[in-house]
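Participant: Got a structure for you, questions after.
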Amino acid sequence: MYFTNWDEFQKAAEELYEAAPDRTRYVSGFRHTDGELILKVTDDRTVVKFKTNQAADLKKFTKLNFQLMCKMQN
């Protein structure tokens, strides 16, 4: 399911990770042809995705990476 709102995606991704940290995967990809950043978080049962072509969303992406990495270390 693609989210159109960043805050909703971030909340859903963090909740998914917190519910099943040992099964959750986080994947990011960039499509050069479209200039789109695609983020996917899944635990093999639930999938949350976010797609953007806005450069302003890169800061949000970096922040989410940092927050998830901190949770993964603890």
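Each chain in the structure tokens gets a letter, A, B and so on, in the order shown; residues start at 1 in every chain, and ligands are counted from 1 in the order they appear.
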As a PyMOL selection string, please: every residue in chain A that DSSP puts in strand (DSSP E).

Facilitator: chain A and resi 2-3+25-31+36-42+47-52

Participant: From the options A:Leu64, A:Trp6, A:Thr42, A:Met1, which residue's atoms come nearest to Ala19 of chain A, counting only C-alpha atoms?

Facilitator: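 Of A:Leu64, A:Trp6, A:Thr42, A:Met1, the one nearest Ala19 of chain A, counting only C-alpha atoms, is A:Thr42.
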
Participant: Quick one: residues within 10 Å of Lys60 of chain A, only C-alpha atoms, excluding same-chain residues fewer than 5 positions away - as JSON, numbers by chain?

Facilitator: {"A": [6, 7, 10, 55, 65, 66]}

Participant: Just how far from atom CA of Lys71 of chain A is atom CA of Glu18 of chain A, in Å to one decimal?

Facilitator: 8.4 Å

Participant: Rank A:Cys70, A:Asp44, A:Glu14, A:Thr4 by their smallest atom-to-atom distance to Asp57 of chain A, using only C-alpha atoms, and report the top residue only.

Facilitator: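 Distance minimum relative to Asp57 of chain A lands on A:Thr4.
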
Participant: Could you please write out, as a ChimeraX atom specification, every residue of chain A that DSSP assigns to helix (DSSP H, G or I)?

Facilitator: /A:6-19,57-73

Participant: Any chance you could export the current selection's N, CA, C and O atoms as a CSV table (one decimal), in the first residue's frame?

Facilitator:
```
chain,number,residue,atom,x,y,z
A,6,TRP,N,3.8,11.7,4.1
A,6,TRP,CA,5.1,11.3,4.7
A,6,TRP,C,4.9,10.9,6.2
A,6,TRP,O,5.4,9.9,6.6
A,7,ASP,N,4.2,11.7,6.9
A,7,ASP,CA,4.0,11.5,8.4
A,7,ASP,C,3.3,10.2,8.6
A,7,ASP,O,3.6,9.4,9.5
A,8,GLU,N,2.3,9.9,7.8
A,8,GLU,CA,1.5,8.6,8.0
A,8,GLU,C,2.4,7.4,7.6
A,8,GLU,O,2.4,6.4,8.3
A,9,PHE,N,3.2,7.6,6.6
A,9,PHE,CA,4.2,6.5,6.2
A,9,PHE,C,5.2,6.3,7.3
A,9,PHE,O,5.5,5.1,7.7
A,10,GLN,N,5.8,7.4,7.8
A,10,GLN,CA,6.8,7.2,8.9
A,10,GLN,C,6.2,6.5,10.1
A,10,GLN,O,6.8,5.6,10.7
A,11,LYS,N,5.0,6.9,10.5
A,11,LYS,CA,4.4,6.3,11.7
A,11,LYS,C,4.1,4.9,11.5
A,11,LYS,O,4.4,4.0,12.3
A,12,ALA,N,3.6,4.5,10.3
A,12,ALA,CA,3.3,3.1,10.0
A,12,ALA,C,4.6,2.3,9.9
A,12,ALA,O,4.6,1.1,10.4
A,13,ALA,N,5.6,2.8,9.4
A,13,ALA,CA,6.9,2.1,9.3
A,13,ALA,C,7.5,1.9,10.6
A,13,ALA,O,8.0,0.7,10.9
A,14,GLU,N,7.5,2.8,11.5
A,14,GLU,CA,8.0,2.7,12.9
A,14,GLU,C,7.1,1.7,13.7
A,14,GLU,O,7.7,0.9,14.4
A,15,GLU,N,5.8,1.8,13.5
A,15,GLU,CA,5.0,0.8,14.2
A,15,GLU,C,5.2,-0.6,13.7
A,15,GLU,O,5.2,-1.6,14.5
A,16,LEU,N,5.4,-0.8,12.4
A,16,LEU,CA,5.6,-2.1,11.9
A,16,LEU,C,6.9,-2.7,12.4
A,16,LEU,O,7.0,-3.8,12.8
A,17,TYR,N,8.0,-1.8,12.5
A,17,TYR,CA,9.2,-2.3,13.0
A,17,TYR,C,9.1,-2.6,14.5
A,17,TYR,O,9.6,-3.7,14.9
A,18,GLU,N,8.5,-1.8,15.3
A,18,GLU,CA,8.3,-2.1,16.7
A,18,GLU,C,7.5,-3.3,17.0
A,18,GLU,O,7.8,-4.0,18.0
A,19,ALA,N,6.6,-3.6,16.1
A,19,ALA,CA,5.7,-4.8,16.3
A,19,ALA,C,6.5,-6.1,16.1
A,19,ALA,O,6.3,-7.1,16.7
A,57,ASP,N,11.9,15.8,0.2
A,57,ASP,CA,11.7,14.6,1.0
A,57,ASP,C,12.9,13.8,1.3
A,57,ASP,O,12.9,12.9,2.1
A,58,LEU,N,14.1,14.2,0.7
A,58,LEU,CA,15.3,13.5,1.0
A,58,LEU,C,15.7,13.7,2.5
A,58,LEU,O,16.3,12.8,3.1
A,59,LYS,N,15.5,14.9,3.0
A,59,LYS,CA,15.8,15.1,4.4
A,59,LYS,C,15.0,14.2,5.3
A,59,LYS,O,15.5,13.7,6.3
A,60,LYS,N,13.7,14.1,5.0
A,60,LYS,CA,12.8,13.2,5.8
A,60,LYS,C,13.3,11.8,5.7
A,60,LYS,O,13.3,11.0,6.7
A,61,PHE,N,13.7,11.4,4.5
A,61,PHE,CA,14.3,10.0,4.3
A,61,PHE,C,15.5,9.8,5.1
A,61,PHE,O,15.6,8.7,5.8
A,62,THR,N,16.4,10.7,5.2
A,62,THR,CA,17.6,10.6,6.0
A,62,THR,C,17.3,10.5,7.5
A,62,THR,O,17.8,9.7,8.2
A,63,LYS,N,16.3,11.3,7.9
A,63,LYS,CA,15.9,11.3,9.3
A,63,LYS,C,15.3,10.0,9.7
A,63,LYS,O,15.5,9.4,10.7
A,64,LEU,N,14.4,9.4,8.8
A,64,LEU,CA,13.8,8.1,9.0
A,64,LEU,C,14.9,7.0,9.1
A,64,LEU,O,14.8,6.1,10.0
A,65,ASN,N,15.9,7.1,8.2
A,65,ASN,CA,17.0,6.1,8.2
A,65,ASN,C,17.7,6.1,9.6
A,65,ASN,O,17.9,5.1,10.2
A,66,PHE,N,18.0,7.3,10.1
A,66,PHE,CA,18.6,7.5,11.4
A,66,PHE,C,17.8,6.9,12.5
A,66,PHE,O,18.3,6.2,13.4
A,67,GLN,N,16.5,7.2,12.5
A,67,GLN,CA,15.7,6.8,13.6
A,67,GLN,C,15.5,5.2,13.6
A,67,GLN,O,15.6,4.6,14.6
A,68,LEU,N,15.4,4.6,12.4
A,68,LEU,CA,15.3,3.2,12.3
A,68,LEU,C,16.6,2.5,12.7
A,68,LEU,O,16.6,1.5,13.4
A,69,MET,N,17.7,3.1,12.3
A,69,MET,CA,19.0,2.5,12.7
A,69,MET,C,19.2,2.6,14.2
A,69,MET,O,19.8,1.6,14.8
A,70,CYS,N,18.8,3.7,14.8
A,70,CYS,CA,18.9,3.8,16.3
A,70,CYS,C,18.1,2.7,16.9
A,70,CYS,O,18.5,2.1,17.9
A,71,LYS,N,16.9,2.4,16.4
A,71,LYS,CA,16.0,1.4,17.0
A,71,LYS,C,16.6,0.0,16.8
A,71,LYS,O,16.5,-0.8,17.7
A,72,MET,N,17.3,-0.2,15.7
A,72,MET,CA,17.9,-1.5,15.4
A,72,MET,C,19.1,-1.8,16.3
A,72,MET,O,19.4,-2.9,16.5
A,73,GLN,N,19.8,-0.7,16.7
A,73,GLN,CA,20.9,-0.9,17.5
A,73,GLN,C,20.6,-1.2,19.0
A,73,GLN,O,21.4,-1.8,19.7
```

Participant: For a quick check of understanding, using only C-alpha atoms, which of A:Tyr26, A:Phe3, A:Asn74, A:Lys51 has the smallest distance to Ile38 of chain A?

Facilitator: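 That would be A:Lys51, the residue with the smallest distance to Ile38 of chain A.
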
Participant: Just how far from atom CA of Lys49 of chain A is atom CA of His32 of chain A, in Å to one decimal?

Facilitator: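 Atom CA of His32 of chain A sits 18.0 Å away from atom CA of Lys49 of chain A.
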